[in-house]
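Dropping data36.csv in here (CSV, C-alpha atoms and all ligand atoms):
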```csv
chain,number,residue,atom,x,y,z
A,1,MET,CA,-83.7,40.7,-21.7
A,2,HIS,CA,-84.0,40.5,-17.9
A,3,ILE,CA,-85.6,43.3,-15.9
A,4,PRO,CA,-85.6,42.7,-12.1
A,5,PHE,CA,-88.3,43.8,-9.8
A,6,VAL,CA,-85.8,45.9,-7.8
A,7,ASP,CA,-82.2,46.4,-8.7
A,8,LEU,CA,-80.2,46.9,-5.5
A,9,LYS,CA,-76.9,46.4,-7.3
A,10,ALA,CA,-77.4,49.4,-9.6
A,11,GLN,CA,-77.9,51.6,-6.6
A,12,TYR,CA,-74.9,50.2,-4.8
A,13,GLN,CA,-72.7,50.8,-7.9
A,14,SER,CA,-73.8,54.5,-8.0
A,15,LEU,CA,-72.8,55.0,-4.3
A,16,LYS,CA,-70.0,52.4,-3.9
A,17,SER,CA,-67.2,54.6,-2.6
A,18,GLU,CA,-69.4,56.4,-0.1
A,19,ILE,CA,-71.0,53.3,1.2
A,20,ASP,CA,-67.8,51.4,1.4
A,21,ARG,CA,-66.2,54.2,3.4
A,22,ALA,CA,-69.1,54.5,5.7
A,23,ILE,CA,-69.0,50.7,6.5
A,24,GLN,CA,-65.2,50.8,7.0
A,25,ASN,CA,-65.5,53.6,9.5
A,26,VAL,CA,-67.9,51.6,11.6
A,27,ILE,CA,-65.6,48.6,11.5
A,28,ASP,CA,-62.6,50.7,12.3
A,29,ASP,CA,-64.5,52.0,15.4
A,30,CYS,CA,-66.0,48.6,16.2
A,31,ALA,CA,-69.2,50.5,16.7
A,32,PHE,CA,-71.4,47.6,15.8
A,33,ILE,CA,-74.3,47.6,18.2
A,34,GLY,CA,-76.8,50.4,18.6
A,35,THR,CA,-76.4,51.1,22.3
A,36,SER,CA,-77.2,54.6,23.4
A,37,ASN,CA,-73.6,55.8,22.8
A,38,ASN,CA,-73.2,54.6,19.2
A,39,LYS,CA,-72.3,57.7,17.2
A,40,TYR,CA,-73.4,56.3,13.9
A,41,VAL,CA,-76.8,55.3,15.2
A,42,LYS,CA,-77.2,58.7,17.0
A,43,ALA,CA,-76.2,60.5,13.7
A,44,PHE,CA,-78.8,58.6,11.6
A,45,GLU,CA,-81.5,59.1,14.2
A,46,ALA,CA,-80.7,62.9,14.1
A,47,ASP,CA,-80.6,62.8,10.3
A,48,PHE,CA,-83.9,61.0,10.0
A,49,ALA,CA,-85.7,63.1,12.6
A,50,ASN,CA,-84.4,66.2,10.7
A,51,PHE,CA,-85.7,64.8,7.4
A,52,MET,CA,-89.1,64.1,9.0
A,53,GLY,CA,-89.3,67.3,11.0
A,54,THR,CA,-90.0,65.3,14.2
A,55,THR,CA,-88.3,65.8,17.6
A,56,HIS,CA,-87.5,62.1,17.9
A,57,CYS,CA,-86.4,59.2,15.9
A,58,ILE,CA,-85.6,55.9,17.6
A,59,GLY,CA,-83.8,53.3,15.6
A,60,CYS,CA,-84.7,49.6,16.0
A,61,ALA,CA,-84.0,46.2,14.4
A,62,ASN,CA,-86.8,46.2,11.8
A,63,GLY,CA,-90.2,47.6,10.8
A,64,THR,CA,-92.1,44.9,12.5
A,65,ASP,CA,-90.4,45.6,15.8
A,66,SER,CA,-91.1,49.3,15.4
A,67,LEU,CA,-94.8,48.6,15.3
A,68,GLU,CA,-94.6,46.3,18.3
A,69,ILE,CA,-92.5,48.7,20.3
A,70,LEU,CA,-94.9,51.6,19.5
A,71,LEU,CA,-97.9,49.5,20.5
A,72,LYS,CA,-96.3,48.6,23.8
A,73,GLY,CA,-95.1,52.1,24.3
A,74,LEU,CA,-98.7,53.3,23.9
A,75,GLY,CA,-99.7,50.8,26.6
A,76,ILE,CA,-101.6,48.5,24.2
A,77,GLY,CA,-101.7,44.8,25.2
A,78,PRO,CA,-104.0,41.9,26.2
A,79,GLY,CA,-107.7,42.7,26.0
A,80,ASP,CA,-107.2,45.6,23.6
A,81,GLU,CA,-108.3,45.8,20.0
A,82,VAL,CA,-106.5,47.6,17.2
A,83,ILE,CA,-108.0,48.5,13.8
A,84,VAL,CA,-105.9,47.5,10.8
A,85,PRO,CA,-106.5,47.4,7.0
A,86,ALA,CA,-107.5,44.1,5.3
A,87,LEU,CA,-104.7,44.6,2.8
A,88,SER,CA,-101.1,44.9,3.9
A,89,TRP,CA,-98.0,43.0,4.7
A,90,ILE,CA,-98.7,40.6,7.7
A,91,ALA,CA,-96.4,42.7,10.0
A,92,THR,CA,-99.2,45.2,10.4
A,93,SER,CA,-101.6,42.7,12.1
A,94,GLU,CA,-98.9,40.4,13.4
A,95,SER,CA,-97.5,43.1,15.6
A,96,VAL,CA,-100.9,43.6,17.2
A,97,SER,CA,-101.2,39.9,18.0
A,98,ASN,CA,-97.6,39.7,19.2
A,99,MET,CA,-98.4,42.4,21.8
A,100,GLY,CA,-101.3,40.2,23.0
A,101,ALA,CA,-104.0,42.5,21.5
A,102,LYS,CA,-106.5,41.6,18.7
A,103,PRO,CA,-106.2,42.9,15.2
A,104,VAL,CA,-109.6,44.0,13.9
A,105,PHE,CA,-109.7,44.2,10.1
A,106,VAL,CA,-111.3,46.9,8.0
A,107,ASP,CA,-111.8,46.7,4.2
A,108,ILE,CA,-109.9,49.1,1.8
A,109,GLU,CA,-110.8,51.9,-0.6
A,110,PRO,CA,-111.1,50.5,-4.2
A,111,ASP,CA,-109.0,53.3,-5.9
A,112,PHE,CA,-106.3,53.7,-3.3
A,113,TYR,CA,-106.0,50.3,-1.5
A,114,THR,CA,-105.7,52.0,1.9
A,115,ILE,CA,-108.1,51.5,4.9
A,116,ASP,CA,-111.6,52.8,4.1
A,117,PRO,CA,-112.4,55.3,6.9
A,118,GLN,CA,-116.1,54.9,6.2
A,119,LEU,CA,-116.0,51.4,7.5
A,120,ILE,CA,-113.9,52.0,10.6
A,121,GLU,CA,-116.5,53.2,13.1
A,122,GLU,CA,-118.7,50.1,12.8
A,123,LYS,CA,-115.7,48.1,14.0
A,124,ILE,CA,-115.0,50.2,17.0
A,125,THR,CA,-115.9,48.6,20.4
A,126,PRO,CA,-115.1,49.6,24.0
A,127,ALA,CA,-111.9,47.5,23.7
A,128,THR,CA,-110.6,49.5,20.7
A,129,LYS,CA,-107.4,51.4,21.6
A,130,ALA,CA,-105.7,52.3,18.3
A,131,ILE,CA,-105.8,52.4,14.5
A,132,ILE,CA,-102.8,51.5,12.3
A,133,PRO,CA,-103.3,53.0,8.9
A,134,VAL,CA,-100.9,51.7,6.3
A,135,HIS,CA,-99.7,54.1,3.5
A,136,LEU,CA,-99.8,51.1,1.2
A,137,TYR,CA,-97.6,51.1,-2.0
A,138,GLY,CA,-96.5,54.7,-1.0
A,139,HIS,CA,-100.0,56.3,-1.3
A,140,PRO,CA,-101.1,58.0,2.0
A,141,ALA,CA,-104.2,56.6,3.7
A,142,ASP,CA,-107.0,59.2,4.2
A,143,MET,CA,-105.5,60.7,7.4
A,144,ASP,CA,-108.0,63.6,7.7
A,145,ALA,CA,-110.9,61.2,8.1
A,146,ILE,CA,-108.9,58.7,10.2
A,147,MET,CA,-107.7,61.4,12.6
A,148,ALA,CA,-111.2,62.7,13.0
A,149,ILE,CA,-112.5,59.2,14.0
A,150,ALA,CA,-109.5,58.7,16.3
A,151,LYS,CA,-110.2,62.0,18.0
A,152,LYS,CA,-113.9,61.3,18.4
A,153,HIS,CA,-113.2,57.9,20.0
A,154,ARG,CA,-109.9,58.8,21.7
A,155,LEU,CA,-107.9,56.3,19.8
A,156,LYS,CA,-104.1,56.3,19.2
A,157,VAL,CA,-102.9,56.3,15.6
A,158,ILE,CA,-99.7,54.6,14.6
A,159,GLU,CA,-98.9,55.2,10.9
A,160,ASP,CA,-97.3,52.2,9.2
A,161,CYS,CA,-94.9,54.0,6.9
A,162,ALA,CA,-92.9,51.0,5.8
A,163,GLN,CA,-93.8,51.8,2.2
A,164,SER,CA,-94.2,55.6,2.4
A,165,HIS,CA,-90.8,57.3,3.1
A,166,GLY,CA,-91.3,60.9,1.9
A,167,ALA,CA,-95.0,60.5,1.1
A,168,SER,CA,-97.2,63.4,2.2
A,169,ILE,CA,-100.7,65.0,2.4
A,170,ASN,CA,-100.8,68.7,1.5
A,171,GLY,CA,-97.1,68.8,2.3
A,172,LYS,CA,-97.3,67.0,5.7
A,173,LEU,CA,-95.2,63.9,5.8
A,174,THR,CA,-96.7,60.5,6.5
A,175,GLY,CA,-95.5,59.5,10.0
A,176,THR,CA,-96.0,63.0,11.4
A,177,ILE,CA,-99.8,63.1,11.4
A,178,GLY,CA,-100.7,60.4,13.9
A,179,ASP,CA,-99.2,59.8,17.4
A,180,ALA,CA,-96.2,58.1,15.7
A,181,GLY,CA,-94.8,56.8,12.5
A,182,SER,CA,-93.3,53.3,12.1
A,183,PHE,CA,-90.6,52.8,9.4
A,184,SER,CA,-88.9,49.8,7.9
A,185,PHE,CA,-85.5,50.1,6.3
A,186,PHE,CA,-85.6,46.6,4.8
A,187,PRO,CA,-83.3,46.7,1.7
A,188,GLY,CA,-86.1,46.9,-0.9
A,189,LYS,CA,-88.0,49.7,0.8
A,190,ASN,CA,-87.7,53.3,-0.6
A,191,LEU,CA,-85.0,53.9,2.0
A,192,GLY,CA,-83.3,50.6,2.6
A,193,ALA,CA,-80.3,49.4,4.6
A,194,TYR,CA,-78.1,46.4,3.8
A,195,GLY,CA,-79.9,44.1,6.2
A,196,ASP,CA,-82.9,44.4,8.5
A,197,ALA,CA,-83.5,47.8,10.1
A,198,GLY,CA,-86.3,50.0,11.3
A,199,GLY,CA,-87.2,53.2,13.2
A,200,MET,CA,-89.9,55.1,14.9
A,201,VAL,CA,-90.7,58.9,14.8
A,202,THR,CA,-92.8,60.9,17.1
A,203,ASN,CA,-93.1,64.4,18.7
A,204,ASN,CA,-94.3,62.9,21.9
A,205,ASP,CA,-91.4,63.0,24.5
A,206,LEU,CA,-92.9,60.5,26.8
A,207,LEU,CA,-93.7,58.0,24.1
A,208,ALA,CA,-90.2,58.4,22.7
A,209,ASP,CA,-88.6,57.7,26.0
A,210,ARG,CA,-90.8,54.6,26.5
A,211,CYS,CA,-90.0,53.2,23.1
A,212,ARG,CA,-86.3,53.8,23.5
A,213,MET,CA,-86.4,52.0,26.9
A,214,ILE,CA,-88.4,49.1,25.4
A,215,SER,CA,-85.9,48.7,22.6
A,216,GLN,CA,-82.9,48.9,25.0
A,217,HIS,CA,-83.8,46.3,27.7
A,218,GLY,CA,-85.6,48.9,29.7
A,219,GLN,CA,-82.5,51.2,30.0
A,220,LEU,CA,-82.8,54.9,29.1
A,221,ASN,CA,-79.3,56.1,28.2
A,222,LYS,CA,-77.9,54.6,31.5
A,223,LYS,CA,-76.3,51.2,31.5
A,224,HIS,CA,-77.5,48.6,34.0
A,225,HIS,CA,-80.3,50.9,35.1
A,226,HIS,CA,-83.3,48.9,34.0
A,227,LEU,CA,-86.4,50.9,34.6
A,228,ILE,CA,-88.7,48.3,33.1
A,229,GLU,CA,-88.4,45.0,31.3
A,230,GLY,CA,-87.8,45.7,27.6
A,231,ARG,CA,-86.4,43.7,24.7
A,232,ASN,CA,-83.4,43.8,22.4
A,233,SER,CA,-84.3,45.7,19.2
A,234,ARG,CA,-81.5,48.0,18.2
A,235,LEU,CA,-80.4,49.5,14.9
A,236,ASP,CA,-76.8,48.3,14.0
A,237,GLY,CA,-74.0,50.8,13.5
A,238,ILE,CA,-73.3,49.6,10.0
A,239,GLN,CA,-76.9,49.9,8.9
A,240,ALA,CA,-77.2,53.3,10.5
A,241,ALA,CA,-74.0,54.5,8.6
A,242,ILE,CA,-75.4,53.2,5.3
A,243,LEU,CA,-78.8,54.8,5.9
A,244,SER,CA,-77.2,58.2,6.6
A,245,VAL,CA,-75.5,58.0,3.2
A,246,LYS,CA,-78.6,56.9,1.4
A,247,LEU,CA,-81.0,59.4,3.1
A,248,LEU,CA,-79.2,62.2,1.2
A,249,ARG,CA,-80.5,60.7,-2.0
A,250,LEU,CA,-84.0,59.8,-0.9
A,251,ASN,CA,-85.8,62.9,-2.4
A,252,GLN,CA,-84.0,62.4,-5.7
A,253,TRP,CA,-84.9,58.7,-5.8
A,254,THR,CA,-88.5,59.5,-4.9
A,255,ASP,CA,-88.7,62.0,-7.8
A,256,GLN,CA,-87.4,59.2,-10.1
A,257,ARG,CA,-90.0,56.8,-8.8
A,258,ILE,CA,-92.7,59.4,-9.5
A,259,ALA,CA,-91.4,60.0,-13.0
A,260,ILE,CA,-91.3,56.2,-13.7
A,261,ALA,CA,-95.0,55.9,-12.5
A,262,ALA,CA,-96.0,58.8,-14.8
A,263,GLN,CA,-94.2,57.1,-17.7
A,264,TYR,CA,-96.0,53.7,-17.0
A,265,ASN,CA,-99.3,55.7,-16.9
A,266,ARG,CA,-98.5,57.2,-20.3
A,267,VAL,CA,-97.4,54.0,-22.1
A,268,LEU,CA,-99.5,51.2,-20.6
A,269,PRO,CA,-102.7,50.4,-22.7
A,270,ASP,CA,-106.0,52.1,-21.8
A,271,TRP,CA,-107.6,48.9,-20.6
A,272,ILE,CA,-105.2,48.7,-17.7
A,273,LYS,CA,-106.4,50.3,-14.4
A,274,LYS,CA,-103.5,52.6,-13.4
A,275,PRO,CA,-102.7,53.6,-9.8
A,276,GLN,CA,-104.6,56.7,-8.7
A,277,THR,CA,-103.4,59.6,-6.5
A,278,ARG,CA,-105.8,61.6,-4.3
A,279,THR,CA,-105.7,65.4,-4.8
A,280,GLY,CA,-103.0,67.0,-2.6
A,281,TYR,CA,-101.4,63.6,-1.8
A,282,LYS,CA,-97.8,62.7,-2.7
A,283,HIS,CA,-97.6,59.1,-3.8
A,284,VAL,CA,-93.9,57.8,-3.5
A,285,PHE,CA,-94.5,54.6,-5.6
A,286,HIS,CA,-92.8,52.1,-3.4
A,287,LEU,CA,-94.8,49.9,-5.7
A,288,TYR,CA,-96.5,50.6,-9.1
A,289,VAL,CA,-99.6,48.5,-8.8
A,290,MET,CA,-101.9,48.2,-11.9
A,291,GLU,CA,-105.1,46.2,-12.1
A,292,ALA,CA,-106.4,44.0,-14.9
A,293,GLU,CA,-108.9,41.2,-15.3
A,294,ASN,CA,-106.3,39.0,-17.0
A,295,ARG,CA,-103.6,39.7,-14.3
A,296,ASP,CA,-102.4,36.1,-14.2
A,297,ALA,CA,-101.9,35.9,-18.0
A,298,ILE,CA,-100.0,39.2,-18.0
A,299,MET,CA,-97.7,38.0,-15.2
A,300,GLN,CA,-96.9,34.8,-17.0
A,301,THR,CA,-96.2,36.6,-20.3
A,302,LEU,CA,-93.9,39.1,-18.5
A,303,LYS,CA,-92.1,36.1,-16.8
A,304,ASP,CA,-91.6,34.4,-20.1
A,305,ALA,CA,-90.0,37.6,-21.4
A,306,GLY,CA,-87.6,37.7,-18.4
A,307,ILE,CA,-89.5,40.5,-16.6
A,308,GLU,CA,-90.1,40.1,-12.9
A,309,SER,CA,-93.4,41.3,-11.4
A,310,ALA,CA,-95.1,40.5,-8.1
A,311,ILE,CA,-98.5,40.5,-6.3
A,312,GLN,CA,-98.7,42.6,-3.1
A,313,TYR,CA,-100.6,40.8,-1.8
A,314,PRO,CA,-102.3,37.7,-3.1
A,315,THR,CA,-104.6,37.2,-0.1
A,316,PRO,CA,-106.3,39.8,2.2
A,317,LEU,CA,-104.9,39.6,5.7
A,318,PRO,CA,-108.1,38.3,7.4
A,319,LEU,CA,-108.4,35.5,4.9
A,320,LEU,CA,-104.9,34.1,5.6
A,321,ASP,CA,-104.6,30.8,7.4
A,322,ALA,CA,-103.1,32.7,10.4
A,323,TYR,CA,-106.5,34.3,11.0
A,324,LYS,CA,-108.7,31.2,10.3
A,325,ASN,CA,-109.9,31.4,13.9
A,326,GLN,CA,-111.7,34.7,13.1
A,327,GLY,CA,-113.9,32.8,10.6
A,328,PHE,CA,-114.0,35.4,7.7
A,329,SER,CA,-114.9,34.9,4.1
A,330,GLU,CA,-114.4,37.0,1.0
A,331,THR,CA,-117.8,38.6,1.4
A,332,ASP,CA,-116.6,40.2,4.6
A,333,PHE,CA,-113.9,42.1,2.7
A,334,PRO,CA,-115.3,42.4,-0.9
A,335,VAL,CA,-113.0,45.3,-2.0
A,336,ALA,CA,-109.7,43.7,-0.8
A,337,SER,CA,-110.9,40.3,-2.1
A,338,ARG,CA,-111.6,41.7,-5.6
A,339,ALA,CA,-108.3,43.7,-5.6
A,340,THR,CA,-106.1,40.7,-4.7
A,341,LYS,CA,-107.3,38.9,-7.8
A,342,ARG,CA,-106.5,41.8,-10.1
A,343,ILE,CA,-103.5,43.6,-8.8
A,344,LEU,CA,-100.0,43.3,-10.3
A,345,SER,CA,-96.9,45.2,-9.2
A,346,LEU,CA,-94.6,46.1,-12.1
A,347,PRO,CA,-90.8,46.8,-11.6
A,348,VAL,CA,-90.0,50.1,-9.9
A,349,PHE,CA,-86.6,51.3,-8.8
A,350,PRO,CA,-85.0,54.7,-9.4
A,351,GLU,CA,-82.6,53.3,-12.0
A,352,LEU,CA,-85.3,51.8,-14.2
A,353,THR,CA,-85.1,53.4,-17.6
A,354,PHE,CA,-88.0,54.7,-19.8
A,355,GLU,CA,-86.7,52.2,-22.5
A,356,GLN,CA,-87.2,49.3,-20.1
A,357,ILE,CA,-90.7,50.7,-19.2
A,358,GLY,CA,-91.5,50.8,-23.0
A,359,VAL,CA,-90.5,47.1,-23.3
A,360,ILE,CA,-92.7,46.2,-20.3
A,361,ALA,CA,-95.7,48.1,-21.7
A,362,SER,CA,-95.3,46.5,-25.2
A,363,ILE,CA,-95.4,43.1,-23.6
A,364,VAL,CA,-98.4,43.9,-21.4
A,365,GLU,CA,-100.2,45.3,-24.5
A,366,LYS,CA,-99.9,41.9,-26.3
A,367,GLU,CA,-102.0,40.2,-23.7
B,1,LIG,C1,-92.0,45.9,5.1
B,1,LIG,C2,-93.2,46.2,5.9
B,1,LIG,C3,-93.3,46.0,7.3
B,1,LIG,C4,-92.3,45.4,8.1
B,1,LIG,O1,-91.0,45.7,8.0
B,1,LIG,P1,-89.8,44.7,8.3
B,1,LIG,O2,-88.6,45.7,8.4
B,1,LIG,O3,-89.7,43.8,7.2
B,1,LIG,O4,-90.1,44.0,9.6
B,1,LIG,C5,-94.4,46.5,8.0
B,1,LIG,N1,-95.5,47.0,7.3
B,1,LIG,C6,-95.5,47.1,6.0
B,1,LIG,C7,-96.7,47.6,5.3
B,1,LIG,C8,-94.4,46.7,5.2
B,1,LIG,O5,-94.4,46.8,3.9
```
Translate the structure of the given file into structure tokens.
Amino acid sequence: MHIPFVDLKAQYQSLKSEIDRAIQNVIDDCAFIGTSNNKYVKAFEADFANFMGTTHCIGCANGTDSLEILLKGLGIGPGDEVIVPALSWIATSESVSNMGAKPVFVDIEPDFYTIDPQLIEEKITPATKAIIPVHLYGHPADMDAIMAIAKKHRLKVIEDCAQSHGASINGKLTGTIGDAGSFSFFPGKNLGAYGDAGGMVTNNDLLADRCRMISQHGQLNKKHHHLIEGRNSRLDGIQAAILSVKLLRLNQWTDQRIAIAAQYNRVLPDWIKKPQTRTGYKHVFHLYVMEAENRDAIMQTLKDAGIESAIQYPTPLPLLDAYKNQGFSETDFPVASRATKRILSLPVFPELTFEQIGVIASIVEKE
């Protein structure tokens, strides 16, 4: 038996005729590039803003660019510091460095893997300008506590929602709580395109205009009228058309992910630490991350049985070679360091069956 980590083919098969038609429409119109008059890009931006309940959605090339554009749009650059969690995909901290600012790492909460608000204030200096909480694995970071700290110290908050499409806190969607939300539509994310894609959401009109300008070479809906120097980071017409089709299924897919996680919780043995969800929070299970002492052995046994699993992520960000210059060791980030030795992501995709989950659990149990 082979069980993949994600199965993009199964999802395509279930939507083939709609997706194929959407792609063909864009090709027929040669509406490839996301300039301001691209009707497919405009339509997806309106669809996603509507889904989020925000006044603005600005498409861009990927979820790393969306973080960079938002940082730049908020005026963050050289000499500034930005607080980021010690556990995430490198894009979270890389975007800060790419804008000339310094990422300042904060350890995570042991049960939720998101930035620990209790450890943020000790890292704030006069140079601190923003916090980027990451709703890691699809579980929202503790935004009440983070927003209180941000307000007290007048910091901007960019929510990294690359793994949290549709996640919420007491009904409020992640990406609508801070100053802006940054989304990736990488194919394997909960809402994924058929190539790289990203987007930003905000209710701040000025920030929205700035981000749109930055992503469109400094133009704001007017060609050859460059108000500032920007960059090229646009959402493609084909990706936008695909995303509009897939957005209609997002809530259903999220429900399936939640049901899959609940089934894993039921059938995995007691000695496995299961993912926790804070009261009032909606976890959208981009990843189902369990913890075990014998993580490596479990991973190998699954592999031998044809079942893919993964580690998100094997090394805390501050301990990567890329941040050697900051001189950190494991004792600086004890929670993230311990977690990275124990975490294992099991397959999750909406089409995963309870039968497959049963097979996975029975293999884990043998370890
Ligand atoms: C995927 C991801 C990103 C970056 O998205 P790309 O579209 O791959 O550039 C940023 N942050 C987190 C937490 C991610 O998982």
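If you count only C-alpha atoms and draw a sphere of 9 Å around (-103.3, 42.4, -15.3), the protein and nucleic acid residues inside it come out as Ile272, Lys273, Met290, Glu291, Ala292, Glu293, Asn294, Arg295, Asp296, Ala297, Ile298, Met299, Arg342, Ile343, Leu344, Val364 and Glu367 of chain A.
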Using all atoms listed in the file, find the one residue out of A:Gln276, A:Ser93, A:Gln216, A:Thr125 that sits nearest to Asp160 in chain A. A:Ser93
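Atom pair CA of Asp80 in chain A / CA of Thr315 in chain A: separated by 25.3 Å.
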If you count all atoms listed in the file, which residues end up within 6 Å of ligand LIG 1 (chain B), as a PyMOL selection string? chain A and resi 62-64+88-89+91-92+134+160+162-163+184-186+196-198
I need the residues from that last selection saved to file as a JSON list (two decimals), in the coordinates of the input (with C-alpha atoms), if you can.
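File produced: part_15.json:
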```json
[["chain", "number", "residue", "atom", "x", "y", "z"],
["A", 62, "ASN", "CA", -86.80, 46.20, 11.80],
["A", 63, "GLY", "CA", -90.20, 47.60, 10.80],
["A", 64, "THR", "CA", -92.10, 44.90, 12.50],
["A", 88, "SER", "CA", -101.10, 44.90, 3.90],
["A", 89, "TRP", "CA", -98.00, 43.00, 4.70],
["A", 91, "ALA", "CA", -96.40, 42.70, 10.00],
["A", 92, "THR", "CA", -99.20, 45.20, 10.40],
["A", 134, "VAL", "CA", -100.90, 51.70, 6.30],
["A", 160, "ASP", "CA", -97.30, 52.20, 9.20],
["A", 162, "ALA", "CA", -92.90, 51.00, 5.80],
["A", 163, "GLN", "CA", -93.80, 51.80, 2.20],
["A", 184, "SER", "CA", -88.90, 49.80, 7.90],
["A", 185, "PHE", "CA", -85.50, 50.10, 6.30],
["A", 186, "PHE", "CA", -85.60, 46.60, 4.80],
["A", 196, "ASP", "CA", -82.90, 44.40, 8.50],
["A", 197, "ALA", "CA", -83.50, 47.80, 10.10],
["A", 198, "GLY", "CA", -86.30, 50.00, 11.30]]
```
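Distances here use all atoms listed in the file; by that measure, the residue among A:Ala61, A:Pro103, A:Thr174, A:Lys42 closest to Gly77 in chain A is A:Pro103.
In this model, the gap between CA of Thr353 in chain A and CA of Tyr264 in chain A comes to 10.9 Å.
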Between CA of Leu71 in chain A and CA of Val96 in chain A, what is the distance, to one decimal in Å? 7.4 Å
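Distance cut-off 6 Å, centre (-108.0, 53.9, 7.3), atoms counted only C-alpha atoms; the residues meeting this are Ile115, Asp116, Pro117, Pro133, Ala141 and Ile146 of chain A.
Using only C-alpha atoms, the shortest contact distance between Asp65 in chain A and any of A:Glu308, A:Asp142, A:Glu94, A:Asp47 is found at A:Glu94.
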Set out as CSV a contact list for range 160-265 of chain A and range 27-32 of chain A with a cut-off of 12 Å, giving each residue of range 160-265 of chain A that qualifies its closest atom pair and distance in Å to one decimal, counting only C-alpha atoms, ordered by chain and rising residue number.
```
residue,atom,partner,partner_atom,distance
A:Arg234,CA,A:Phe32,CA,10.4
A:Leu235,CA,A:Phe32,CA,9.2
A:Asp236,CA,A:Phe32,CA,5.7
A:Gly237,CA,A:Phe32,CA,4.7
A:Ile238,CA,A:Phe32,CA,6.4
A:Gln239,CA,A:Phe32,CA,9.1
A:Ala240,CA,A:Phe32,CA,9.7
A:Ala241,CA,A:Ala31,CA,10.2
```
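Residues with any atom within 12 Å of Asp332 in chain A, counting all atoms listed in the file and excluding same-chain neighbours fewer than 4 positions away, are Ala86, Phe105, Val106, Asp107, Ile108, Leu119, Pro316, Leu317, Pro318, Leu319, Gln326, Gly327, Phe328, Ala336, Ser337 and Arg338 of chain A.
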Set the distance at 9 Å and use all atoms listed in the file: which residues neighbour Met147 in chain A once local chain neighbours fewer than 6 positions away are removed? I'd like the list as a CSV table (one decimal) with C-alpha atoms, in the frame of the given file.
```csv
chain,number,residue,atom,x,y,z
A,155,LEU,CA,-107.9,56.3,19.8
A,157,VAL,CA,-102.9,56.3,15.6
A,177,ILE,CA,-99.8,63.1,11.4
A,178,GLY,CA,-100.7,60.4,13.9
```
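Counting all atoms listed in the file and comparing A:Phe333, A:Gly100, A:Ile363, A:Asn50, the residue that lies closest to Gln300 in chain A is A:Ile363.
Distances from A:Met99, A:Ala208, A:Ile307, A:Ala193 to Ser244 in chain A were compared using only C-alpha atoms, and the smallest one belongs to A:Ala193.
For the set A:Cys211, A:Ile3, A:Ile23, A:Ile124, the residue with the smallest atom-to-atom gap to Pro347 in chain A is A:Ile3, counting only C-alpha atoms.
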Closest contacts (range 236-343 of chain A/range 167-170 of chain A, max 8 Å, all atoms listed in the file) as a Markdown table:
```
| residue | atom | partner | partner_atom | distance |
| --- | --- | --- | --- | --- |
| A:Gly280 | CA | A:Asn170 | CA | 5.0 |
| A:Tyr281 | CA | A:Ile169 | CA | 4.5 |
| A:Lys282 | CA | A:Ser168 | CA | 5.0 |
| A:His283 | CA | A:Ala167 | CA | 5.7 |
| A:Val284 | CA | A:Ala167 | CA | 5.4 |
```
